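Engineer: Here it is, the structure in full.
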Amino acid sequence: MKALTFHGKETIRYESIPDPEILFPTDAIVKVTLCAICGSDLHVYHEHEKGLDRGTAMGHEFVGEVVAVGKEVRAIRIGNQVMSPFTTNCGNCFYCNIGLTCRCIHGQLYGWREEEKGLHGGQAEYVRVPMADSTLMEIPDGVTTEEALFLGDILSTGFFCAKQAEIKPKSTYAVVGCGPVGLMAVLGAIEYGAEKVYAIDTVAERLDRAKQFGAIPINASAENTLEIIKVANEGRGADAVLEAVGNSSTNKLAYDLVRPGGIISAVGVCTDQHLAFSPTQAYDKNLTYKVGCCPARSMMNELVPMVQSKKHDFTSIITHRLSLSEGALGYDIFANKKDNCLKVMLKP
Ligand code: NAD
Ligand code: ZN
């Protein structure tokens with residue numbers, strides 16, 4: 001089959017790799033009908049995250065049709081149109097039972113293989129899905145293919161970020177980063193009842209998009225973000241900051257913006273060695289810092305009715321629809337924000 005494979009820093013190839021096969025009786029094989037490039041793929045692309053085997057099929061955002069199932073797969077059937085969270089989960093362990101499916105003791109991240117162990121990704125014609133019954137979900141009626149793909153990662157992650165921020169109507173929120181995840185966090189905060197959401201980025205088009213979604217945009221390279229947020233909340237700072245970038249400067253910004261006793265909800269993947277604020281600084285703000293991977297499989301269950309209601313036009317953020325064979329170009333456009341790129345979809 002053809003796949004987009006990793007070959008070192010900023011080098012993605014469209015090449016042939018062996019077709020995936022059923023390895024365990026609980027596996028399924030999905031024929032990918034649509035996949036996408038995520039901000040998380042860029043950490044690998046730029047080699048900020050190291051260790052990925054060369055030749056690994058990239059990506060973790062995909063939807064498709066089930067074309068084969070192992071002997072023990074019961075709920076998922078050949079022919080089902082399915083969506084998948086970006087990590088696999090067993091549905092039975094302690095973490096799956098408390099809704100933290102991203103910490104499943106048997107879970108794996110698509111598109112991550114180290115020393116030949118791990119899972120190939122979804123930027124491919126086919127993908128092997130372990131623990132198919134608990135990982136996959138049949139795409140429900142009233143959910144489009146593109147919405148289903150978003151549910152597997154960015155939509156769930158943005159809403160998870162907002163959920164962790166414990167949104168209340170009268171409070172003031174700051175979303176740091178207006179990439180796909182930050183924009184979904186804006187919609188999440190609004191969906192959960194926020195009335196005042198500031199959205200911070202340095203890219204004008206992305207800020208415009210945040211404004212369309214109901215946020216008050218702040219261009220961090222032209223405006224005094226801290227001053228604006230403080231003035232907005234009687235000099236205190238934001239009641240919660242939703243961090244959707246993941247570098248030390250936004251980590252520090254989130255700290256500066258949050259009021260004493262407030263929450264930082266961070267979903268941005270920060271590959272630095274240390275946080276940008278000290279234990280004493282955290283202490284001095286009575287800070288609650290919530291950080292980590294989104295339990296997308298749990299969030300999918302929760303969010304399907306809201307997606308079916310068509311209240312928000314999530315997929316309007318898609319700017320590029322390319323074929324899988326144009327994937328290397330897609331990475332370049334997305335990584336370098338060329339051509340006002342916000343979200344790239346790839347069709348095998
Ligand atoms: P993206 O790269 O498209 O978006 C990042 C945005 O941050 C861009 O719009 C960029 O202009 C903005 N930005 C960068 N530096 C900034 C600064 N100093 N001040 C203000 N804005 C700044 O990526 P994305 O797809 O939206 O993903 C965002 C982050 O979320 C990534 O780190 C990704 O790995 C992470 N992520 C985490 C999870 C999870 O489960 N926690 C899931 C998906 C993605
Ligand atoms: Zn992702």
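Convention: chains lettered A, B, ... in structure tokens order; per-chain residue numbering from 1; ligands numbered from 1 as shown.
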What does the list of residues within 7 Å of ligand 1 look like if you count only C-alpha atoms and all ligand atoms, written as a VMD selection string?
Structural biologist: chain A and resid 38 to 40 43 153 to 154 157 176 to 182 200 to 203 206 220 244 to 246 249 to 250 267 to 270 292 to 294 342
Engineer: Name all residues at most 8 Å from A:Met131 (count only C-alpha atoms; drop same-chain ones fewer than 2 positions away) and give them as a list in words.
Structural biologist: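 Surrounding residues, per the criterion: Thr26, Asp27, Ala28, Thr88, Asn89, Cys90, Val129, Asp133, Ser134 and Thr135 of chain A.
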Engineer: How would the residues just chosen look if you wrote them out with C-alpha atoms as an mmCIF file, in the first residue's frame?
Structural biologist:
```cif
data_model
loop_
_atom_site.group_PDB
_atom_site.id
_atom_site.type_symbol
_atom_site.label_atom_id
_atom_site.label_comp_id
_atom_site.auth_asym_id
_atom_site.auth_seq_id
_atom_site.Cartn_x
_atom_site.Cartn_y
_atom_site.Cartn_z
ATOM 1 C CA THR A 26 -8.953 -8.283 18.365
ATOM 2 C CA ASP A 27 -7.493 -6.289 15.444
ATOM 3 C CA ALA A 28 -9.312 -4.752 12.517
ATOM 4 C CA THR A 88 -6.101 2.806 20.932
ATOM 5 C CA ASN A 89 -7.768 1.583 24.118
ATOM 6 C CA CYS A 90 -8.935 -1.689 25.639
ATOM 7 C CA VAL A 129 -6.404 -1.007 14.548
ATOM 8 C CA ASP A 133 -14.176 -3.095 19.428
ATOM 9 C CA SER A 134 -13.190 -0.596 22.112
ATOM 10 C CA THR A 135 -11.113 1.735 19.948
#
```
Engineer: Using only C-alpha atoms, can you tell me which of A:Ala266, A:Ala328, A:Ala282, A:Leu52 comes closest to A:Glu115?
Structural biologist: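 Closest candidate: A:Leu52.
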Engineer: Near A:Ile78, counting only C-alpha atoms, which residues have an atom at most 6 Å away, once you skip same-chain residues fewer than 2 positions from it, shown as a list in words?
Structural biologist: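 Skipping anything fewer than 2 positions along the chain leaves Val66, Val67, Ala68 and Asn80 of chain A.
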Engineer: Extract, using only C-alpha atoms, all DNA, RNA and protein residues at most 9 Å from A:Gln164, discarding same-chain residues fewer than 2 positions from it, and format them as an MDAnalysis selection string.
Structural biologist: chainID A and resid 159:162 166:167 242 263:266 290
Engineer: To one decimal place in Å, what is the distance between atom CA of A:Glu72 and atom CA of A:Arg128?
Structural biologist: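 Straight-line distance from atom CA of A:Glu72 to atom CA of A:Arg128 works out to 14.9 Å.
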Engineer: Hey, what does DSSP flag as strand (DSSP E) within stretch 133-237 of chain A? Can you give it to me as a list in words?
Structural biologist: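 DSSP on the backbone gives strand (DSSP E) at Met137, Glu138, Thr172, Tyr173, Ala174, Val175, Val176, Lys196, Val197, Tyr198, Ala199, Ile200, Asp201, Ile216, Pro217, Ile218 and Asn219 of chain A.
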Engineer: Could you write out that same residue set with all heavy atoms as a CSV table (one decimal), in the first residue's frame?
Structural biologist:
```
chain,number,residue,atom,x,y,z
A,137,MET,N,-15.3,3.5,16.6
A,137,MET,CA,-16.7,3.8,16.8
A,137,MET,C,-17.3,3.9,15.4
A,137,MET,O,-16.7,4.6,14.5
A,137,MET,CB,-16.9,5.1,17.6
A,137,MET,CG,-18.3,5.4,17.9
A,137,MET,SD,-18.2,7.0,18.9
A,137,MET,CE,-19.8,7.0,19.6
A,138,GLU,N,-18.5,3.3,15.2
A,138,GLU,CA,-19.1,3.4,13.9
A,138,GLU,C,-19.6,4.9,13.8
A,138,GLU,O,-20.0,5.5,14.7
A,138,GLU,CB,-20.3,2.5,13.8
A,138,GLU,CG,-20.8,2.2,12.4
A,138,GLU,CD,-21.9,1.3,12.2
A,138,GLU,OE1,-22.3,0.6,13.2
A,138,GLU,OE2,-22.5,1.2,11.1
A,172,THR,N,-13.7,35.0,32.9
A,172,THR,CA,-13.0,35.4,31.7
A,172,THR,C,-11.9,34.4,31.3
A,172,THR,O,-11.2,33.9,32.2
A,172,THR,CB,-12.2,36.7,32.1
A,172,THR,OG1,-13.2,37.7,32.4
A,172,THR,CG2,-11.4,37.3,30.9
A,173,TYR,N,-11.9,34.0,30.0
A,173,TYR,CA,-11.0,32.9,29.6
A,173,TYR,C,-10.1,33.4,28.5
A,173,TYR,O,-10.5,34.3,27.7
A,173,TYR,CB,-11.9,31.8,29.0
A,173,TYR,CG,-12.7,31.2,30.1
A,173,TYR,CD1,-14.1,31.6,30.3
A,173,TYR,CD2,-12.1,30.4,31.1
A,173,TYR,CE1,-14.8,31.1,31.4
A,173,TYR,CE2,-12.9,29.9,32.2
A,173,TYR,CZ,-14.2,30.3,32.3
A,173,TYR,OH,-14.9,29.8,33.4
A,174,ALA,N,-8.9,32.9,28.5
A,174,ALA,CA,-7.9,33.2,27.4
A,174,ALA,C,-7.5,31.8,26.8
A,174,ALA,O,-7.1,30.9,27.5
A,174,ALA,CB,-6.7,33.9,28.0
A,175,VAL,N,-7.7,31.8,25.5
A,175,VAL,CA,-7.2,30.6,24.7
A,175,VAL,C,-5.9,31.0,24.0
A,175,VAL,O,-5.9,32.0,23.3
A,175,VAL,CB,-8.3,30.2,23.6
A,175,VAL,CG1,-7.7,29.0,22.8
A,175,VAL,CG2,-9.6,29.7,24.3
A,176,VAL,N,-4.9,30.3,24.3
A,176,VAL,CA,-3.6,30.7,23.7
A,176,VAL,C,-3.3,29.7,22.6
A,176,VAL,O,-3.2,28.5,22.7
A,176,VAL,CB,-2.4,30.5,24.8
A,176,VAL,CG1,-1.1,30.9,24.1
A,176,VAL,CG2,-2.7,31.5,26.0
A,196,LYS,N,-17.1,35.3,27.9
A,196,LYS,CA,-16.0,36.1,27.5
A,196,LYS,C,-14.8,35.3,27.3
A,196,LYS,O,-14.1,34.8,28.2
A,196,LYS,CB,-15.8,37.1,28.6
A,196,LYS,CG,-15.3,38.5,28.0
A,196,LYS,CD,-14.7,39.4,29.1
A,196,LYS,CE,-15.6,39.8,30.3
A,196,LYS,NZ,-14.9,40.6,31.3
A,197,VAL,N,-14.5,35.0,26.0
A,197,VAL,CA,-13.3,34.2,25.6
A,197,VAL,C,-12.4,35.0,24.7
A,197,VAL,O,-12.8,35.5,23.7
A,197,VAL,CB,-13.8,33.0,24.8
A,197,VAL,CG1,-12.5,32.1,24.5
A,197,VAL,CG2,-14.8,32.2,25.6
A,198,TYR,N,-11.2,35.3,25.2
A,198,TYR,CA,-10.1,35.9,24.4
A,198,TYR,C,-9.3,34.8,23.7
A,198,TYR,O,-9.1,33.8,24.3
A,198,TYR,CB,-9.2,36.8,25.3
A,198,TYR,CG,-9.9,38.0,25.8
A,198,TYR,CD1,-10.8,38.0,26.9
A,198,TYR,CD2,-9.8,39.2,25.1
A,198,TYR,CE1,-11.4,39.1,27.4
A,198,TYR,CE2,-10.5,40.3,25.5
A,198,TYR,CZ,-11.3,40.3,26.7
A,198,TYR,OH,-12.0,41.4,27.1
A,199,ALA,N,-9.0,35.1,22.5
A,199,ALA,CA,-8.2,34.1,21.7
A,199,ALA,C,-6.9,34.8,21.2
A,199,ALA,O,-6.9,35.9,20.6
A,199,ALA,CB,-9.0,33.6,20.5
A,200,ILE,N,-5.8,34.2,21.5
A,200,ILE,CA,-4.5,34.8,21.3
A,200,ILE,C,-3.7,34.0,20.2
A,200,ILE,O,-3.6,32.8,20.3
A,200,ILE,CB,-3.7,34.8,22.6
A,200,ILE,CG1,-4.5,35.6,23.7
A,200,ILE,CG2,-2.3,35.4,22.5
A,200,ILE,CD1,-4.3,35.2,25.1
A,201,ASP,N,-3.1,34.7,19.3
A,201,ASP,CA,-2.2,34.1,18.3
A,201,ASP,C,-1.4,35.3,17.7
A,201,ASP,O,-1.6,36.4,18.1
A,201,ASP,CB,-3.0,33.4,17.2
A,201,ASP,CG,-2.2,32.3,16.5
A,201,ASP,OD1,-1.3,32.6,15.8
A,201,ASP,OD2,-2.5,31.1,16.7
A,216,ILE,N,-12.9,37.0,21.3
A,216,ILE,CA,-12.3,38.3,21.1
A,216,ILE,C,-10.8,38.1,20.8
A,216,ILE,O,-10.1,37.6,21.6
A,216,ILE,CB,-12.5,39.2,22.4
A,216,ILE,CG1,-13.9,39.1,22.9
A,216,ILE,CG2,-11.9,40.6,22.2
A,216,ILE,CD1,-14.1,39.4,24.4
A,217,PRO,N,-10.4,38.5,19.6
A,217,PRO,CA,-9.0,38.2,19.2
A,217,PRO,C,-8.0,39.1,19.8
A,217,PRO,O,-8.3,40.3,19.9
A,217,PRO,CB,-9.1,38.3,17.7
A,217,PRO,CG,-10.2,39.3,17.4
A,217,PRO,CD,-11.2,39.1,18.5
A,218,ILE,N,-6.8,38.6,20.1
A,218,ILE,CA,-5.7,39.4,20.5
A,218,ILE,C,-4.5,39.0,19.7
A,218,ILE,O,-4.1,37.8,19.8
A,218,ILE,CB,-5.4,39.3,22.0
A,218,ILE,CG1,-6.6,39.6,22.9
A,218,ILE,CG2,-4.2,40.2,22.4
A,218,ILE,CD1,-6.3,39.4,24.4
A,219,ASN,N,-3.9,39.9,19.0
A,219,ASN,CA,-2.7,39.6,18.2
A,219,ASN,C,-1.5,39.9,19.2
A,219,ASN,O,-1.1,41.0,19.4
A,219,ASN,CB,-2.6,40.5,17.0
A,219,ASN,CG,-1.5,40.0,16.1
A,219,ASN,OD1,-0.5,39.5,16.5
A,219,ASN,ND2,-1.6,40.2,14.8
```
Engineer: May I have all residues of stretch 233-282 of chain A that DSSP, computed from the backbone, assigns to helix (DSSP H, G or I), given as a list in words?
Structural biologist: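 The helix (DSSP H, G or I) subset of stretch 233-282 of chain A is Ser248, Ser249, Thr250, Asn251, Lys252, Leu253, Ala254, Tyr255, Asp256, Leu257, Pro279, Thr280, Gln281 and Ala282 of chain A.
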Engineer: Go ahead and write the selection's residues with N, CA, C and O atoms as a compact mmCIF listing (two decimals), in the first residue's frame.
Structural biologist:
```txt
# COMPACT_ATOMS: atom_id res chain seq x y z
N SER A 248 7.75 27.02 25.33
CA SER A 248 8.01 27.65 26.63
C SER A 248 7.47 29.08 26.68
O SER A 248 7.05 29.54 27.73
N SER A 249 7.39 29.75 25.52
CA SER A 249 6.88 31.11 25.60
C SER A 249 5.37 31.12 25.87
O SER A 249 4.88 31.96 26.62
N THR A 250 4.64 30.17 25.31
CA THR A 250 3.20 30.15 25.60
C THR A 250 2.91 29.55 26.98
O THR A 250 1.92 29.88 27.61
N ASN A 251 3.80 28.70 27.43
CA ASN A 251 3.70 28.16 28.79
C ASN A 251 3.84 29.32 29.80
O ASN A 251 3.06 29.46 30.74
N LYS A 252 4.81 30.18 29.54
CA LYS A 252 5.03 31.35 30.42
C LYS A 252 3.87 32.35 30.28
O LYS A 252 3.40 32.89 31.29
N LEU A 253 3.41 32.54 29.05
CA LEU A 253 2.28 33.45 28.84
C LEU A 253 1.06 32.96 29.61
O LEU A 253 0.38 33.74 30.28
N ALA A 254 0.79 31.67 29.53
CA ALA A 254 -0.35 31.11 30.26
C ALA A 254 -0.22 31.40 31.75
O ALA A 254 -1.17 31.81 32.41
N TYR A 255 1.00 31.22 32.27
CA TYR A 255 1.24 31.50 33.69
C TYR A 255 0.98 32.98 34.00
O TYR A 255 0.31 33.32 34.98
N ASP A 256 1.50 33.85 33.16
CA ASP A 256 1.34 35.29 33.40
C ASP A 256 -0.13 35.72 33.34
O ASP A 256 -0.56 36.61 34.06
N LEU A 257 -0.89 35.07 32.45
CA LEU A 257 -2.27 35.50 32.22
C LEU A 257 -3.24 35.02 33.29
O LEU A 257 -4.28 35.64 33.51
N PRO A 279 8.33 26.28 40.69
CA PRO A 279 7.42 25.82 41.75
C PRO A 279 6.96 26.97 42.64
O PRO A 279 5.80 27.03 43.03
N THR A 280 7.88 27.88 42.95
CA THR A 280 7.50 29.02 43.81
C THR A 280 6.48 29.91 43.11
O THR A 280 5.51 30.36 43.74
N GLN A 281 6.70 30.14 41.81
CA GLN A 281 5.72 30.95 41.07
C GLN A 281 4.35 30.27 41.06
O GLN A 281 3.32 30.93 41.21
N ALA A 282 4.34 28.97 40.89
CA ALA A 282 3.07 28.23 40.92
C ALA A 282 2.42 28.37 42.29
O ALA A 282 1.22 28.64 42.42
```
Engineer: Taking 4 positions as the minimum chain separation for residues in the same chain, which residues sit within 8 Å of stretch 317-321 of chain A when counting only C-alpha atoms? Answer as a compact mmCIF listing (two decimals) with C-alpha atoms, in the first residue's frame.
Structural biologist:
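The result, written out as selection27.txt:
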```txt
# COMPACT_ATOMS: atom_id res chain seq x y z
CA PRO A 180 -7.08 23.83 14.80
CA ARG A 209 -11.37 32.66 12.45
CA ASN A 340 -3.36 30.79 4.83
CA CYS A 341 -3.29 27.12 5.70
CA LEU A 342 -5.19 26.05 8.79
CA LYS A 343 -6.11 22.39 8.32
CA VAL A 344 -5.07 19.92 5.64
CA MET A 345 -7.17 16.89 4.72
CA LEU A 346 -5.68 14.10 2.63
CA LYS A 347 -7.57 11.60 0.52
```
Engineer: If you count only C-alpha atoms, which residues fall within 12 Å of A:Ser309, apart from same-chain ones fewer than 6 positions away, as a PyMOL selection string?
Structural biologist: chain A and resi 141-144+147+191+303
Engineer: Write a file of the selected residues as a PDB file, in the first residue's frame, keeping C-alpha atoms.
Structural biologist:
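New file result-v8.pdb:
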```pdb
ATOM      1  CA  ASP A 141     -26.003   9.139  11.434  1.00  0.00           C
ATOM      2  CA  GLY A 142     -25.827  12.891  11.146  1.00  0.00           C
ATOM      3  CA  VAL A 143     -22.042  13.029  11.519  1.00  0.00           C
ATOM      4  CA  THR A 144     -20.114  13.765   8.315  1.00  0.00           C
ATOM      5  CA  GLU A 147     -16.682  15.802  11.489  1.00  0.00           C
ATOM      6  CA  GLU A 191     -20.431  25.496  24.155  1.00  0.00           C
ATOM      7  CA  LEU A 303     -19.642  14.944  21.889  1.00  0.00           C
TER       8      LEU A 303
END
```
Engineer: Determine the nearest neighbour of A:Leu324 from the options A:Glu47, A:Glu10, A:Glu125, A:Asp41, counting only C-alpha atoms.
Structural biologist: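 Checking each candidate against A:Leu324, we get A:Glu125 as the closest.
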Engineer: So, counting only C-alpha atoms and all ligand atoms, which residue among A:Leu149, A:Val127, A:Ile333, A:Val73 is closest to ligand 2?
Structural biologist: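 Checking each candidate against ligand 2, we get A:Leu149 as the closest.
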Engineer: May I have the residues within 12 Å of A:Lys117 as a ChimeraX atom specification, using only C-alpha atoms and disregarding those fewer than 3 positions away in the same chain?
Structural biologist: /A:51-53,56,108-114,120
Engineer: Give the answer as one residue: which of A:Phe94, A:Phe150, A:Tyr45, A:Phe314 has the shortest atom-to-atom distance to ligand 2, using only C-alpha atoms and all ligand atoms?
Structural biologist: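 Nearest candidate to ligand 2 out of A:Phe94, A:Phe150, A:Tyr45, A:Phe314: A:Phe150.
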Engineer: How far is it from atom CA of A:Thr101 to atom CA of A:Ala165, in Å with one decimal?
Structural biologist: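 These two atoms are separated by 19.3 Å.
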Engineer: Give me, please, the distance in Å between atom CA of A:Glu326 and atom CA of A:Leu42, quoted to one decimal.
Structural biologist: 16.4 Å
